[in-house]
Amino acid sequence: MKILITGTAGFIGFHTAKRFINEDFELVGLDSINDYYDKNLKYARLFETGIVKNEIEYGKLVQSKKYKNYRFIKLQIEDKDEILKLFENEKFDYVCHLAAQAGVRYSIENPYVYFHSNINGFLNIIEVSKRNKIKHLVYASSSSVYGLNRQMPFSVSDNVDHPVSLYAATKKSDELIAHAYSHLFKLPTTGLRFFTVYGPWGRPDMALFIFTKAILNNEPINVFNNGDMMRDFTYVDDIVEGIFRVVNKPAEANPGWSGEKPDPANSSAPYKIYNIGNGNPVQLMTYIEAAEKALGKTAKKNFMPMQPGDVQKTFADIEKLKEDFGYKPNTNIEKGVAEFIKWYKSYYKK
């Protein structure tokens, strides 16, 4: 089977690519390698999968030096003509769409970037998936779509019409676009709402990365909402396991779905939405303590008010993912944070 995974120079996409490389798939990875954060980290991830920086050219497929079943192409998902050409040439069976402009706070200052990447780019991917009769399109949504929701844990059957950031709004828009395509063209689509993913090779704009760097440099860390925050922190390997299981089981229509009592998590079309998290929220201060323990140092803390676009708590109801795929996250905070810090110290030679 041949699969396209977008975002393979990114954090989750890189780990996902490694998993599919080791399975019975022919894989093409795609990324724009933009400058949202350090490009060197992105190139280093690619190098881990055998993609050499000086061979990368826009629109050119590059063969991995390590794996016969892996090739990479630098493309922008907004580039409709090049995306169409890639699909027509490669004849993919599956698509795992993880590329997006990430970051809640960045979306407040740079709204057009999010519209172009997360909406126009998503439309290009789903349109060519439809044209080329893809067997299953799996795409990244986000826990941020829950916005102002307060009923815990967050359920995929809940209404999510009150986002508090443009980033969240673009992810909700992707889910709506996916449903329209599933309904009109019977294209199987599954959206995965990721909950606070962390782990080795993580993004520099994420909390654990920021905390680790500051603590090692004896600099203070900013603790927002005075530390009164909870997150459903999910280790990246657990996320990747969920992605792999979902890709292999295309979404199906729910024959019992009713428009009189519509369940947002599924449909009369081949459309599904799942939360993919740890299902066990952790206090922010506990997360920081795990980092301090792994580093053997105590952080200097600046207690700050809540940031715009942020939420106080996330908590994933993952029962549907467990029921349908046997999903079971098994990495606790202490282990996961220690693995990240082990990688960080090795990568940055600290």
# chains A, B, ... in the order shown; residues from 1 in each chain; ligands from 1

call {"tool": "residues_around", "arguments": {"residues": "Phe154 (chain A)", "least_positions_apart": "3", "cutoff": "9 Å", "atoms": "only C-alpha atoms", "output": "number ranges by chain"}}
result
A: 143, 146, 149-151, 157-158, 275, 314-318

call {"tool": "closest_atom_pairs", "arguments": {"of": "region 34-78 of chain A", "to": "region 343-349 of chain A", "cutoff": "12 Å", "atoms": "only C-alpha atoms", "output": "tab-separated table"}}
result
residue	atom	partner	partner_atom	distance
A:Asn40	CA	A:Tyr347	CA	11.4
A:Leu41	CA	A:Tyr347	CA	9.5
A:Ala44	CA	A:Tyr347	CA	9.6
A:Arg45	CA	A:Tyr347	CA	11.0

call {"tool": "write_last_selection", "arguments": {"atoms": "C-alpha atoms", "output": "short mmCIF file (atom, residue, chain, number, x, y, z; two decimals), in the first residue's frame"}}
result
data_model
loop_
_atom_site.label_atom_id
_atom_site.label_comp_id
_atom_site.auth_asym_id
_atom_site.auth_seq_id
_atom_site.Cartn_x
_atom_site.Cartn_y
_atom_site.Cartn_z
CA ASN A 40 17.73 23.12 11.28
CA LEU A 41 15.56 21.05 13.61
CA ALA A 44 17.66 17.11 11.41
CA ARG A 45 14.37 15.19 11.67
#

call {"tool": "select_by_dssp", "arguments": {"residues": "region 167-273 of chain A", "states": "alpha helix (DSSP H)", "output": "count of residues only"}}
result
41

call {"tool": "select_by_dssp", "arguments": {"residues": "region 89-313 of chain A", "states": "strand (DSSP E or B)", "output": "PyMOL selection string"}}
result
chain A and resi 94-97+136-142+154+189-194+197-198+221-223+230-231+234-235+271-276+282-283+301-303+313

call {"tool": "closest_residue", "arguments": {"among": "A:Ile276, A:Val95, A:Leu166, A:Val197", "to": "His15 (chain A)", "atoms": "only C-alpha atoms"}}
result
A:Val197

call {"tool": "residues_around", "arguments": {"residues": "Asn132 (chain A)", "least_positions_apart": "2", "cutoff": "8 Å", "atoms": "only C-alpha atoms", "output": "list in words"}}
result
Phe87, Glu88, Lys91, Phe92, Val128, Ser129, Lys130 and Ile134 of chain A

call {"tool": "residues_around", "arguments": {"residues": "Asp232 (chain A)", "least_positions_apart": "4", "cutoff": "9 Å", "atoms": "only C-alpha atoms", "output": "ChimeraX atom specification"}}
result
/A:195-197,277-283,313-316

call {"tool": "residues_around", "arguments": {"residues": "Leu137 (chain A)", "least_positions_apart": "4", "cutoff": "10 Å", "atoms": "only C-alpha atoms", "output": "ChimeraX atom specification"}}
result
/A:3-4,93-97,125-126,129-130,178,182,187-191,246-247,250-251,271

call {"tool": "residues_around", "arguments": {"residues": "Met206 (chain A)", "least_positions_apart": "5", "cutoff": "9 Å", "atoms": "only C-alpha atoms", "output": "list in words"}}
result
Gly103, Tyr198 and Phe211 of chain A

call {"tool": "residues_around", "arguments": {"residues": "region 324-336 of chain A", "least_positions_apart": "2", "cutoff": "9 Å", "atoms": "only C-alpha atoms", "output": "count of residues only"}}
result
35

call {"tool": "closest_residue", "arguments": {"among": "A:Phe47, A:Phe194, A:Phe11, A:Phe185", "to": "Val156 (chain A)", "atoms": "only C-alpha atoms"}}
result
A:Phe194

call {"tool": "closest_residue", "arguments": {"among": "A:Ala168, A:Val62, A:Leu192, A:Val160", "to": "Phe244 (chain A)", "atoms": "only C-alpha atoms"}}
result
A:Leu192

call {"tool": "atom_distance", "arguments": {"atom1": "CA of Glu323 (chain A)", "atom2": "CA of Thr8 (chain A)"}}
result
28.6 Å

call {"tool": "closest_residue", "arguments": {"among": "A:Lys297, A:Lys261, A:Lys350, A:His116", "to": "Gln76 (chain A)", "atoms": "only C-alpha atoms"}}
result
A:His116

call {"tool": "atom_distance", "arguments": {"atom1": "CA of Lys172 (chain A)", "atom2": "CA of Ser142 (chain A)"}}
result
8.3 Å

call {"tool": "closest_residue", "arguments": {"among": "A:Lys213, A:Lys39, A:Lys2, A:Lys74", "to": "Ile56 (chain A)", "atoms": "only C-alpha atoms"}}
result
A:Lys74

call {"tool": "closest_residue", "arguments": {"among": "A:Thr16, A:Thr6, A:Asn110, A:Thr170", "to": "Val28 (chain A)", "atoms": "only C-alpha atoms"}}
result
A:Thr6
